[in-house]
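*Asks:* Quick one, protein.cif (mmCIF, C-alpha atoms and all ligand atoms):
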```cif
data_input
loop_
_atom_site.label_atom_id
_atom_site.label_comp_id
_atom_site.auth_asym_id
_atom_site.auth_seq_id
_atom_site.Cartn_x
_atom_site.Cartn_y
_atom_site.Cartn_z
CA MET V 1 -93.94 -122.66 -145.60
CA LYS V 2 -94.96 -120.41 -148.43
CA ILE V 3 -96.27 -116.89 -147.87
CA ALA V 4 -98.29 -115.24 -150.65
CA VAL V 5 -98.58 -111.47 -150.99
CA LEU V 6 -101.55 -110.37 -153.08
CA LYS V 7 -102.06 -107.26 -155.15
CA GLU V 8 -104.95 -105.43 -153.49
CA ALA V 9 -108.10 -105.43 -155.58
CA ALA V 10 -110.40 -103.09 -153.63
CA ALA V 11 -111.18 -99.76 -155.29
CA GLY V 12 -108.95 -96.96 -154.02
CA GLU V 13 -106.68 -99.28 -152.04
CA ARG V 14 -103.07 -98.23 -152.60
CA ARG V 15 -101.37 -100.14 -149.81
CA VAL V 16 -99.57 -103.48 -149.94
CA SER V 17 -99.21 -106.04 -147.16
CA ALA V 18 -95.48 -106.74 -147.47
CA THR V 19 -92.40 -104.68 -148.29
CA PRO V 20 -88.94 -105.81 -149.38
CA GLU V 21 -87.91 -105.39 -145.74
CA THR V 22 -90.54 -107.82 -144.41
CA VAL V 23 -89.99 -110.22 -147.32
CA LYS V 24 -86.32 -110.46 -146.29
CA LYS V 25 -87.31 -111.05 -142.69
CA PHE V 26 -89.78 -113.81 -143.57
CA ILE V 27 -87.11 -115.50 -145.65
CA GLY V 28 -84.79 -115.13 -142.66
CA LEU V 29 -87.28 -117.21 -140.66
CA GLY V 30 -87.10 -119.97 -143.26
CA ALA V 31 -90.24 -119.15 -145.29
CA THR V 32 -90.48 -118.67 -149.03
CA VAL V 33 -92.35 -115.61 -150.26
CA ALA V 34 -94.23 -115.09 -153.53
CA VAL V 35 -95.50 -111.64 -154.47
CA GLU V 36 -98.16 -110.99 -157.09
CA SER V 37 -96.72 -108.89 -159.90
CA GLY V 38 -97.54 -105.19 -159.46
CA ALA V 39 -98.56 -105.61 -155.80
CA GLY V 40 -96.41 -102.74 -154.59
CA ALA V 41 -96.79 -100.33 -157.51
CA THR V 42 -99.23 -97.93 -155.82
CA ALA V 43 -97.04 -97.86 -152.70
CA SER V 44 -93.92 -96.99 -154.75
CA ILE V 45 -92.43 -100.49 -154.53
CA ALA V 46 -91.38 -102.03 -157.84
CA ASP V 47 -91.50 -105.78 -158.52
CA GLN V 48 -87.71 -105.68 -158.71
CA GLY V 49 -87.55 -104.53 -155.09
CA TYR V 50 -89.34 -107.70 -153.99
CA ALA V 51 -87.24 -109.85 -156.30
CA ASP V 52 -84.04 -108.33 -154.89
CA ALA V 53 -85.29 -109.17 -151.40
CA GLY V 54 -85.61 -112.82 -152.42
CA ALA V 55 -89.30 -113.14 -153.33
CA ALA V 56 -90.66 -114.88 -156.39
CA VAL V 57 -92.70 -112.34 -158.34
CA ALA V 58 -95.43 -114.09 -160.29
CA SER V 59 -99.07 -114.21 -161.41
CA ARG V 60 -101.87 -114.54 -158.87
CA ALA V 61 -102.45 -118.21 -159.62
CA GLU V 62 -98.74 -119.01 -159.22
CA VAL V 63 -98.49 -116.99 -156.03
CA LEU V 64 -101.49 -118.78 -154.52
CA ALA V 65 -100.44 -122.29 -155.54
CA ASP V 66 -99.43 -124.20 -152.39
CA ALA V 67 -99.48 -121.02 -150.28
CA ASP V 68 -99.79 -121.67 -146.56
CA ILE V 69 -100.38 -118.05 -145.61
CA VAL V 70 -101.99 -115.39 -147.79
CA LEU V 71 -101.32 -111.81 -146.74
CA GLY V 72 -103.51 -108.85 -147.63
CA VAL V 73 -104.26 -105.33 -146.49
CA GLN V 74 -107.97 -105.90 -147.08
CA GLY V 75 -109.60 -109.29 -147.32
CA PRO V 76 -109.26 -110.83 -150.80
CA ASP V 77 -112.39 -111.60 -152.81
CA PRO V 78 -113.08 -115.33 -152.21
CA ASP V 79 -113.78 -115.70 -155.95
CA GLN V 80 -110.25 -114.54 -156.66
CA LEU V 81 -108.47 -117.25 -154.68
CA PRO V 82 -108.11 -120.02 -157.27
CA GLY V 83 -106.54 -123.20 -155.96
CA LEU V 84 -106.30 -122.04 -152.35
CA LYS V 85 -105.03 -124.87 -150.19
CA GLN V 86 -107.32 -126.32 -147.48
CA GLY V 87 -106.38 -124.82 -144.14
CA ALA V 88 -104.42 -121.93 -145.66
CA TRP V 89 -104.43 -118.80 -143.52
CA ILE V 90 -105.78 -115.51 -144.84
CA VAL V 91 -104.25 -112.75 -142.74
CA ALA V 92 -105.52 -109.23 -143.40
CA GLY V 93 -107.85 -106.48 -142.22
CA LEU V 94 -111.00 -108.48 -142.94
CA ASN V 95 -113.70 -105.99 -141.85
CA PRO V 96 -115.64 -108.90 -140.26
CA PHE V 97 -118.84 -106.98 -139.49
CA GLY V 98 -118.94 -105.03 -142.75
CA GLU V 99 -118.05 -108.07 -144.89
CA ARG V 100 -119.90 -110.73 -142.92
CA ALA V 101 -120.97 -112.74 -146.01
CA ARG V 102 -117.37 -112.90 -147.14
CA VAL V 103 -116.40 -114.57 -143.87
CA ASP V 104 -118.84 -117.41 -144.67
CA ARG V 105 -117.19 -117.76 -148.06
CA TYR V 106 -113.73 -118.06 -146.47
CA ALA V 107 -115.13 -120.83 -144.27
CA ALA V 108 -116.59 -122.59 -147.33
CA LEU V 109 -113.17 -122.44 -149.00
CA GLY V 110 -111.70 -124.25 -145.98
CA ALA V 111 -109.48 -121.28 -145.17
CA GLU V 112 -108.51 -120.08 -141.72
CA ALA V 113 -109.30 -116.37 -141.82
CA LEU V 114 -107.47 -114.20 -139.26
CA ALA V 115 -108.80 -110.66 -138.80
CA MET V 116 -105.96 -108.35 -137.83
CA GLU V 117 -108.33 -105.64 -136.59
CA PHE V 118 -109.50 -108.00 -133.83
CA MET V 119 -105.98 -108.09 -132.37
CA PRO V 120 -106.44 -107.64 -128.62
CA ARG V 121 -105.17 -104.37 -127.16
CA ILE V 122 -102.64 -105.90 -124.83
CA THR V 123 -99.07 -104.78 -124.39
CA ARG V 124 -97.44 -107.69 -126.20
CA ALA V 125 -99.67 -107.18 -129.26
CA GLN V 126 -99.01 -103.46 -129.66
CA SER V 127 -96.49 -104.01 -132.44
CA MET V 128 -99.09 -106.12 -134.31
CA ASP V 129 -101.90 -103.57 -134.11
CA ILE V 130 -102.94 -102.43 -137.60
CA LEU V 131 -105.65 -100.14 -136.23
CA SER V 132 -103.05 -98.11 -134.34
CA SER V 133 -100.46 -97.95 -137.09
CA GLN V 134 -102.99 -96.91 -139.70
CA SER V 135 -104.97 -94.52 -137.47
CA ASN V 136 -101.81 -92.68 -136.54
CA LEU V 137 -101.08 -91.88 -140.19
CA ALA V 138 -104.75 -91.08 -140.87
CA GLY V 139 -104.74 -88.55 -138.03
CA TYR V 140 -101.70 -86.86 -139.51
CA LYS V 141 -103.10 -86.85 -143.03
CA ALA V 142 -106.48 -85.51 -141.86
CA VAL V 143 -104.79 -82.32 -140.71
CA LEU V 144 -102.91 -81.95 -143.99
CA ASP V 145 -106.14 -82.55 -145.92
CA ALA V 146 -107.82 -79.85 -143.82
CA ALA V 147 -104.93 -77.45 -144.43
CA ALA V 148 -105.13 -78.10 -148.18
CA GLU V 149 -108.86 -77.27 -148.27
CA TYR V 150 -108.57 -74.27 -145.96
CA GLY V 151 -108.10 -70.97 -147.75
CA ARG V 152 -105.99 -69.56 -144.93
CA ALA V 153 -102.76 -70.32 -143.10
CA PHE V 154 -102.44 -72.39 -139.92
CA PRO V 155 -99.74 -70.50 -138.00
CA MET V 156 -99.88 -66.95 -136.77
CA MET V 157 -97.67 -64.82 -139.02
CA MET V 158 -96.53 -61.30 -138.30
CA THR V 159 -95.54 -59.77 -141.59
CA ALA V 160 -94.83 -56.27 -142.85
CA ALA V 161 -98.21 -56.37 -144.56
CA GLY V 162 -100.01 -57.25 -141.35
CA THR V 163 -100.75 -60.14 -139.04
CA VAL V 164 -102.34 -63.46 -140.02
CA SER V 165 -104.04 -65.06 -137.03
CA ALA V 166 -103.54 -68.70 -136.08
CA ALA V 167 -106.17 -71.22 -137.16
CA LYS V 168 -108.35 -72.69 -134.42
CA VAL V 169 -108.46 -76.47 -134.69
CA PHE V 170 -110.84 -78.66 -132.67
CA VAL V 171 -110.24 -82.43 -132.54
CA MET V 172 -113.20 -84.62 -131.52
CA GLY V 173 -112.20 -88.12 -130.43
CA VAL V 174 -108.73 -88.43 -128.93
CA GLY V 175 -107.69 -92.00 -129.68
CA VAL V 176 -104.66 -92.81 -131.78
CA ALA V 177 -105.80 -90.74 -134.79
CA GLY V 178 -106.95 -87.82 -132.66
CA LEU V 179 -103.70 -87.62 -130.71
CA GLN V 180 -101.69 -87.52 -133.93
CA ALA V 181 -104.08 -84.90 -135.36
CA ILE V 182 -103.52 -82.71 -132.28
CA ALA V 183 -99.75 -83.08 -132.54
CA THR V 184 -99.75 -82.35 -136.27
CA ALA V 185 -102.00 -79.28 -135.98
CA ARG V 186 -99.77 -77.98 -133.16
CA ARG V 187 -96.66 -78.48 -135.32
CA LEU V 188 -98.33 -76.40 -138.02
CA GLY V 189 -98.87 -73.62 -135.51
CA ALA V 190 -102.63 -73.88 -134.93
CA GLN V 191 -104.41 -73.20 -131.64
CA VAL V 192 -105.75 -76.63 -130.77
CA SER V 193 -108.53 -77.89 -128.51
CA ALA V 194 -109.91 -81.41 -128.21
CA THR V 195 -112.62 -83.52 -126.61
CA ASP V 196 -113.38 -87.18 -125.93
CA VAL V 197 -115.77 -89.22 -123.81
CA ARG V 198 -112.89 -90.98 -122.05
CA ALA V 199 -111.76 -88.87 -119.11
CA ALA V 200 -108.26 -90.37 -119.36
CA THR V 201 -107.61 -88.38 -122.54
CA LYS V 202 -107.72 -85.03 -120.71
CA GLU V 203 -104.15 -85.34 -119.53
CA GLN V 204 -102.96 -86.53 -122.94
CA ILE V 205 -104.54 -83.47 -124.57
CA LEU V 206 -102.82 -81.17 -122.07
CA SER V 207 -99.47 -82.91 -122.55
CA LEU V 208 -99.63 -82.10 -126.28
CA GLY V 209 -100.18 -78.42 -125.52
CA ALA V 210 -103.87 -78.38 -126.49
CA LYS V 211 -106.94 -77.33 -124.51
CA PRO V 212 -109.34 -80.04 -123.27
CA ILE V 213 -113.06 -79.32 -123.79
CA PHE V 214 -115.00 -81.67 -121.52
CA VAL V 215 -118.50 -82.21 -120.19
CA GLU V 216 -118.04 -81.79 -116.44
CA SER V 217 -121.69 -81.46 -115.43
CA VAL V 218 -122.74 -85.11 -115.93
CA LYS V 219 -121.35 -87.21 -113.11
CA GLY V 220 -120.14 -90.80 -112.98
CA ILE V 221 -119.11 -91.12 -116.58
CA GLU V 222 -115.72 -92.40 -117.50
CA GLY V 223 -116.67 -93.36 -121.05
CA GLU V 224 -114.17 -96.17 -121.14
CA GLY V 225 -115.17 -99.75 -121.92
CA SER V 226 -113.08 -102.85 -122.49
CA GLY V 227 -109.68 -102.64 -124.15
CA GLY V 228 -109.53 -98.86 -123.69
CA TYR V 229 -112.30 -98.33 -126.25
CA ALA V 230 -115.19 -95.93 -125.81
CA THR V 231 -118.65 -97.10 -124.75
CA GLU V 232 -121.94 -95.68 -126.02
CA MET V 233 -122.85 -92.69 -123.83
CA SER V 234 -126.12 -91.95 -121.98
CA ASP V 235 -128.69 -89.60 -123.51
CA GLU V 236 -127.98 -87.14 -120.69
CA TYR V 237 -124.29 -87.10 -121.55
CA LYS V 238 -124.99 -86.78 -125.28
CA ALA V 239 -127.23 -83.75 -124.68
CA ALA V 240 -124.62 -82.06 -122.46
CA GLN V 241 -121.88 -82.81 -125.00
CA ALA V 242 -123.96 -81.39 -127.88
CA GLU V 243 -124.54 -78.15 -125.96
CA LEU V 244 -120.88 -77.72 -125.07
CA VAL V 245 -119.76 -78.52 -128.59
CA SER V 246 -122.30 -76.13 -130.12
CA SER V 247 -120.89 -73.08 -128.41
CA HIS V 248 -117.28 -74.15 -129.03
CA ILE V 249 -117.63 -75.25 -132.62
CA ALA V 250 -119.02 -71.93 -133.84
CA ARG V 251 -115.64 -70.36 -133.03
CA GLN V 252 -113.49 -72.99 -134.80
CA ASP V 253 -111.89 -72.83 -138.24
CA ILE V 254 -111.09 -76.54 -138.56
CA VAL V 255 -112.76 -79.54 -136.93
CA ILE V 256 -111.34 -83.06 -137.19
CA THR V 257 -113.65 -85.84 -136.01
CA THR V 258 -112.35 -89.35 -135.30
CA ALA V 259 -114.92 -90.86 -132.92
CA LEU V 260 -115.61 -94.57 -133.30
CA ILE V 261 -117.33 -97.19 -131.17
CA PRO V 262 -116.26 -100.74 -132.10
CA GLY V 263 -119.01 -102.81 -133.72
CA ARG V 264 -121.48 -99.91 -133.86
CA PRO V 265 -122.14 -97.00 -136.16
CA ALA V 266 -119.97 -93.96 -135.44
CA PRO V 267 -121.60 -91.51 -132.99
CA ARG V 268 -123.12 -88.39 -134.57
CA LEU V 269 -121.20 -85.46 -133.10
CA ILE V 270 -121.98 -82.53 -135.42
CA SER V 271 -125.43 -81.64 -136.71
CA ASP V 272 -126.24 -79.66 -139.83
CA ALA V 273 -127.20 -76.70 -137.61
CA GLN V 274 -123.77 -76.81 -135.98
CA VAL V 275 -122.12 -76.87 -139.40
CA ALA V 276 -124.19 -73.80 -140.29
CA SER V 277 -122.94 -72.02 -137.15
CA MET V 278 -119.34 -72.13 -138.39
CA LYS V 279 -117.73 -69.31 -140.38
CA PRO V 280 -117.75 -69.67 -144.17
CA GLY V 281 -114.44 -71.12 -145.31
CA SER V 282 -114.16 -73.42 -142.29
CA VAL V 283 -113.26 -77.06 -142.89
CA ILE V 284 -114.45 -80.26 -141.20
CA VAL V 285 -112.67 -83.58 -141.78
CA ASP V 286 -114.75 -86.63 -140.83
CA LEU V 287 -112.38 -89.56 -140.36
CA ALA V 288 -115.32 -91.75 -139.26
CA VAL V 289 -117.20 -91.21 -142.53
CA GLU V 290 -116.95 -94.86 -143.58
CA ALA V 291 -118.40 -96.02 -140.24
CA GLY V 292 -121.52 -93.87 -140.78
CA GLY V 293 -119.92 -90.51 -140.07
CA ASN V 294 -119.60 -88.17 -137.09
CA VAL V 295 -120.83 -85.23 -139.15
CA GLU V 296 -124.28 -84.74 -140.65
CA GLY V 297 -123.94 -84.22 -144.40
CA ALA V 298 -120.51 -85.88 -144.74
CA VAL V 299 -120.29 -88.08 -147.84
CA ALA V 300 -117.83 -90.99 -148.01
CA GLY V 301 -115.29 -90.39 -150.75
CA GLU V 302 -116.23 -86.75 -151.34
CA VAL V 303 -115.52 -83.20 -150.28
CA VAL V 304 -118.89 -81.47 -150.01
CA GLU V 305 -119.79 -77.90 -149.13
CA ARG V 306 -122.62 -77.11 -146.67
CA HIS V 307 -123.39 -73.55 -145.54
CA GLY V 308 -120.03 -72.40 -146.92
CA VAL V 309 -118.19 -75.05 -144.86
CA LYS V 310 -116.22 -77.81 -146.57
CA ILE V 311 -116.83 -81.30 -145.19
CA VAL V 312 -114.03 -83.66 -146.17
CA GLY V 313 -114.99 -87.35 -146.30
CA HIS V 314 -112.03 -89.11 -147.86
CA LYS V 315 -112.21 -92.88 -147.63
CA ASN V 316 -109.32 -95.02 -146.49
CA VAL V 317 -107.20 -92.08 -145.41
CA ALA V 318 -104.17 -94.18 -144.42
CA SER V 319 -104.00 -95.42 -148.00
CA ARG V 320 -103.40 -91.81 -149.09
CA LEU V 321 -99.92 -92.21 -147.54
CA ALA V 322 -99.45 -95.60 -149.14
CA ALA V 323 -95.68 -95.96 -148.78
CA ASP V 324 -95.60 -95.32 -145.04
CA SER V 325 -98.90 -97.01 -144.24
CA SER V 326 -97.76 -100.11 -146.16
CA ALA V 327 -94.41 -100.16 -144.37
CA LEU V 328 -96.13 -100.08 -140.97
CA PHE V 329 -98.90 -102.51 -141.95
CA ALA V 330 -96.31 -104.95 -143.31
CA ARG V 331 -94.32 -104.73 -140.07
CA ASN V 332 -97.49 -105.36 -138.05
CA LEU V 333 -98.02 -108.57 -140.05
CA PHE V 334 -94.40 -109.63 -139.68
CA ASN V 335 -94.36 -108.85 -135.95
CA PHE V 336 -97.47 -110.98 -135.55
CA LEU V 337 -96.34 -114.01 -137.55
CA SER V 338 -92.77 -113.97 -136.26
CA ALA V 339 -93.86 -113.69 -132.61
CA PHE V 340 -95.57 -117.07 -132.99
CA TRP V 341 -93.00 -118.69 -135.26
CA ASP V 342 -92.31 -122.26 -134.21
CA LYS V 343 -88.82 -123.12 -135.40
CA GLU V 344 -89.40 -126.86 -135.45
CA ALA V 345 -92.75 -126.72 -137.23
CA GLN V 346 -91.37 -123.96 -139.50
CA ARG V 347 -94.67 -122.10 -139.23
CA PRO V 348 -96.51 -119.85 -136.81
CA VAL V 349 -98.48 -121.56 -134.05
CA LEU V 350 -100.90 -119.21 -132.28
CA ASP V 351 -101.67 -119.22 -128.58
CA ASP V 352 -105.28 -119.18 -127.38
CA GLU V 353 -105.44 -115.57 -126.24
CA ILE V 354 -104.56 -114.12 -129.62
CA GLY V 355 -105.76 -117.04 -131.76
CA ASN V 356 -109.27 -116.96 -130.32
CA ALA V 357 -109.41 -113.17 -130.59
CA ILE V 358 -108.63 -112.99 -134.30
CA ARG V 359 -109.61 -116.35 -135.82
CA LEU V 360 -112.88 -116.04 -137.76
CA THR V 361 -113.05 -119.40 -139.55
CA GLN V 362 -111.59 -122.85 -139.05
CA GLY V 363 -112.39 -126.35 -140.31
CA GLY V 364 -115.01 -125.08 -142.76
CA LYS V 365 -116.93 -123.11 -140.10
CA VAL V 366 -117.25 -119.59 -138.75
CA VAL V 367 -115.88 -119.89 -135.23
CA HIS V 368 -115.61 -116.34 -133.87
CA GLU V 369 -118.06 -115.68 -131.04
CA ARG V 370 -118.70 -112.05 -132.11
CA LEU V 371 -119.91 -113.33 -135.49
CA LEU V 372 -122.10 -116.13 -134.19
CA GLY V 373 -125.62 -115.91 -132.77
P1 LIG H 401 -111.20 -95.51 -131.70
O1 LIG H 401 -110.64 -95.38 -133.08
O2 LIG H 401 -112.06 -96.69 -131.38
O3 LIG H 401 -112.06 -94.18 -131.37
C1 LIG H 401 -111.47 -92.90 -131.50
C2 LIG H 401 -111.75 -92.05 -130.27
O4 LIG H 401 -113.12 -91.59 -130.31
C3 LIG H 401 -111.58 -92.76 -128.93
O5 LIG H 401 -110.66 -92.05 -128.14
C4 LIG H 401 -112.99 -92.74 -128.36
O6 LIG H 401 -112.97 -92.64 -126.92
C5 LIG H 401 -113.57 -91.50 -128.98
N1 LIG H 401 -115.03 -91.39 -128.93
C6 LIG H 401 -115.99 -92.36 -129.06
N2 LIG H 401 -117.22 -91.83 -128.93
C7 LIG H 401 -117.06 -90.49 -128.76
C8 LIG H 401 -117.97 -89.40 -128.57
N3 LIG H 401 -119.29 -89.58 -128.53
N4 LIG H 401 -117.45 -88.15 -128.39
C9 LIG H 401 -116.10 -87.96 -128.40
N5 LIG H 401 -115.20 -88.95 -128.58
C10 LIG H 401 -115.67 -90.20 -128.74
O7 LIG H 401 -110.06 -95.42 -130.62
P2 LIG H 401 -108.52 -95.81 -130.77
O8 LIG H 401 -107.80 -94.77 -131.49
O9 LIG H 401 -108.48 -97.16 -131.30
O10 LIG H 401 -108.00 -95.80 -129.24
C11 LIG H 401 -108.79 -96.19 -128.13
C12 LIG H 401 -107.89 -96.42 -126.92
O11 LIG H 401 -107.16 -97.65 -127.05
C13 LIG H 401 -106.84 -95.36 -126.68
O12 LIG H 401 -106.77 -95.13 -125.29
C14 LIG H 401 -105.58 -95.99 -127.15
O13 LIG H 401 -104.44 -95.46 -126.54
C15 LIG H 401 -105.79 -97.42 -126.74
N6 LIG H 401 -104.95 -98.33 -127.52
C16 LIG H 401 -104.30 -99.36 -126.86
C17 LIG H 401 -103.49 -100.24 -127.59
C18 LIG H 401 -102.77 -101.36 -126.94
O14 LIG H 401 -102.63 -101.38 -125.73
N7 LIG H 401 -102.29 -102.34 -127.69
C19 LIG H 401 -103.37 -100.09 -128.96
C20 LIG H 401 -104.06 -99.06 -129.59
C21 LIG H 401 -104.84 -98.19 -128.84
#
```
Written as structure tokens, that's how I'd like the structure from this file.
Ligand code: NAD

*Replies:*
Amino acid sequence: MKIAVLKEAAAGERRVSATPETVKKFIGLGATVAVESGAGATASIADQGYADAGAAVASRAEVLADADIVLGVQGPDPDQLPGLKQGAWIVAGLNPFGERARVDRYAALGAEALAMEFMPRITRAQSMDILSSQSNLAGYKAVLDAAAEYGRAFPMMMTAAGTVSAAKVFVMGVGVAGLQAIATARRLGAQVSATDVRAATKEQILSLGAKPIFVESVKGIEGEGSGGYATEMSDEYKAAQAELVSSHIARQDIVITTALIPGRPAPRLISDAQVASMKPGSVIVDLAVEAGGNVEGAVAGEVVERHGVKIVGHKNVASRLAADSSALFARNLFNFLSAFWDKEAQRPVLDDEIGNAIRLTQGGKVVHERLLG
């Protein structure tokens, strides 16, 4: 069983899908590991680190030759998989909806493509969940990015020269990223408030010492769909939320938006008029910018200024903390493959619950129900 670790080719991608720690663990299971030369450089891992852990460090073609499992952070370009073995697994964050044509190409190559972002949100798969591990770091980094763009301090400071007041931070969307953003902003001394469509988040917001801002007037809405994800809200709810947010947002210094709805464009939470209502010098970080954006005027990959307010739209925020995000991503992959490791077969054998959830292609065909029809 040979595991190949590729150097990421996507623009701006700094992460790597294995670390010396996970290489050692795979070898401990009985696998051999080959790492493409330079794969870890942008995550501060030298080739020697992989070699010391027992991996063969080699060219892409050598790494791919006879590989049974190909690991990536993002899905590799199908044109860049020379000599891929029939039936080889490609295990990565494959962005199946955004890169739908690529999924067809994996099928044509005879590969079995496994999309890690489709991992079901069940207790036993928590340690395999790349969305959680990466969102957590993105939520943390979003607050630091906001602090770096903000021309003022976060904590209240009483100095001999006078008092600096605490920044007011509002977090919209309290999933994994939002919770970490609340905790990080609190650690920096900000006054924090937060909102979500899922009523269950109210208690979580309170437990982190922040103030929940919720639409109470529209009845019968829990906002929670399958797997703990949000559902699309009614027009009535959206109108009530926009009104509540409008009055609150005008008093905020920093807004962090993280709202996503799986398989759909991100909900629009902040209009241009709401941006204009904020004080000059305020900062908005839109973590959903690559999914269409929560904020009107946000531009993916840029920091733009509208009405004196900076709107931060960094792409791939987890990758901006490449060493930690790689370490966690690599452990997610190891936890996944090792949980299904069959000692006799000397390879992972998936069960139906997880296999059917993440398998996109098999036997030359696209097989995932969410991609068919
Ligand atoms: P996500 O990234 O899909 O969305 C971020 C947040 O935005 C969510 O909290 C969502 O409710 C919110 N949102 C969506 N539309 C909104 C709107 N119009 N206004 C305000 N907020 C809006 O979510 P996530 O971070 O992946 O987490 C979703 C849930 O899944 C959480 O409860 C999390 O704890 C849970 N979870 C479970 C597991 C597991 O059991 N294995 C793993 C990870 C997360």

*Asks:* Distance limit 7 Å, reference ligand LIG 401 (chain H), atoms considered: all atoms listed in the file. Which residues make the cut? Give them as a VMD selection string.

*Replies:* chain V and resid 120 to 123 125 to 126 129 131 to 132 135 172 to 178 195 to 198 223 to 224 227 to 233 258 to 262 267 269

*Asks:* Using all atoms listed in the file for the distances, tell me which of V:Gly297, V:Gly30, V:Gly75, V:Gly363 is nearest to V:Ala10.

*Replies:*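 With all atoms listed in the file as the atom set, the closest residue is V:Gly75.
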
*Asks:* What gap, in Å, lies between atom CA of V:Ser247 and atom CA of V:Gly308?

*Replies:*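 A separation of 18.5 Å between them.
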
*Asks:* Would you be able to write out as a count of residues only which residues have an atom within 7 Å of (-103.2, -120.5, -142.9) in the file's coordinates, counting all atoms listed in the file?

*Replies:* 8

*Asks:* Given only C-alpha atoms as the basis, pick out the residue of V:Met1, V:Leu337, V:Ala147, V:Ala194 nearest to V:Val349.

*Replies:*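 Looking only at the distances to V:Val349, the closest residue turns out to be V:Leu337.
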
*Asks:* So what do you get for atom CA of V:Arg60 versus atom CA of V:Lys25, distance-wise?

*Replies:*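 These two atoms are separated by 22.0 Å.
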
*Asks:* Using Å and a single decimal, report how far atom CA of V:Ala183 sits from atom CA of V:Pro155.

*Replies:*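 According to the coordinates, atom CA of V:Pro155 and atom CA of V:Ala183 are separated by 13.7 Å.
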
*Asks:* Between V:Val91, V:Ala200, V:Ala190, V:Ala138, which has the minimum distance to V:His314 (counting all atoms listed in the file)?

*Replies:*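 Of the candidates, the smallest distance to V:His314 is held by V:Ala138.
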
*Asks:* Point out the residue among V:Ala11, V:Leu6, V:Val143, V:Val303 with the least atom-to-atom distance to V:Gly40, counting only C-alpha atoms.

*Replies:*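 Ranked by minimum distance to V:Gly40, first place goes to V:Leu6.
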
*Asks:* At a cut-off of 6 Å from (-105.3, -74.6, -130.6) in the coordinates of the file, what residues are picked up using all atoms listed in the file, written as a list in words?

*Replies:*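 Protein and nucleic acid residues near the point are Lys168, Val169, Ala190, Gln191, Val192, Ser193 and Ala210 of chain V.
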
*Asks:* Excluding V:Pro76 and any residue of its chain fewer than 2 positions from it, enumerate the residues within 10 Å of it, using all atoms listed in the file, and give them as a count of residues only.

*Replies:* 21

*Asks:* Using all atoms listed in the file, can you tell me which of V:Ala153, V:Met278, V:Leu29, V:Val103 comes closest to V:Lys365?

*Replies:*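 Going through V:Ala153, V:Met278, V:Leu29, V:Val103 one by one, the smallest distance to V:Lys365 is for V:Val103.
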
*Asks:* Which of these residues is nearest to V:Leu206, using only C-alpha atoms: V:Ile354, V:Leu179, V:Leu188, V:Ala113?

*Replies:* V:Leu179

*Asks:* Can you tell me, as a ChimeraX atom specification, what residues are no more than 8 Å from V:Ala142 when counting all atoms listed in the file, ignoring any on the same chain fewer than 3 positions away?

*Replies:* /V:138-139,145-146,181,256,285,287,317

*Asks:* What would the file look like if the residues just selected were written as a short mmCIF file (atom, residue, chain, number, x, y, z; two decimals), keeping the file's coordinate frame with C-alpha atoms?

*Replies:*
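Okay, this is what ended up in selection.cif:
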```cif
data_model
loop_
_atom_site.label_atom_id
_atom_site.label_comp_id
_atom_site.auth_asym_id
_atom_site.auth_seq_id
_atom_site.Cartn_x
_atom_site.Cartn_y
_atom_site.Cartn_z
CA ALA V 138 -104.75 -91.08 -140.87
CA GLY V 139 -104.74 -88.55 -138.03
CA ASP V 145 -106.14 -82.55 -145.92
CA ALA V 146 -107.82 -79.85 -143.82
CA ALA V 181 -104.08 -84.90 -135.36
CA ILE V 256 -111.34 -83.06 -137.19
CA VAL V 285 -112.67 -83.58 -141.78
CA LEU V 287 -112.38 -89.56 -140.36
CA VAL V 317 -107.20 -92.08 -145.41
#
```

*Asks:* Taking 6 positions as the minimum chain separation for residues in the same chain, which residues sit within 9 Å of V:Arg331 when counting only C-alpha atoms? Answer as a PyMOL selection string.

*Replies:* chain V and resi 17-19+21-22+127-128

*Asks:* Go ahead and write the residues just picked, C-alpha atoms, as an mmCIF file, in the frame of the given file.

*Replies:*
```cif
data_model
loop_
_atom_site.group_PDB
_atom_site.id
_atom_site.type_symbol
_atom_site.label_atom_id
_atom_site.label_comp_id
_atom_site.auth_asym_id
_atom_site.auth_seq_id
_atom_site.Cartn_x
_atom_site.Cartn_y
_atom_site.Cartn_z
ATOM 1 C CA SER V 17 -99.210 -106.040 -147.160
ATOM 2 C CA ALA V 18 -95.480 -106.740 -147.470
ATOM 3 C CA THR V 19 -92.400 -104.680 -148.290
ATOM 4 C CA GLU V 21 -87.910 -105.390 -145.740
ATOM 5 C CA THR V 22 -90.540 -107.820 -144.410
ATOM 6 C CA SER V 127 -96.490 -104.010 -132.440
ATOM 7 C CA MET V 128 -99.090 -106.120 -134.310
#
```
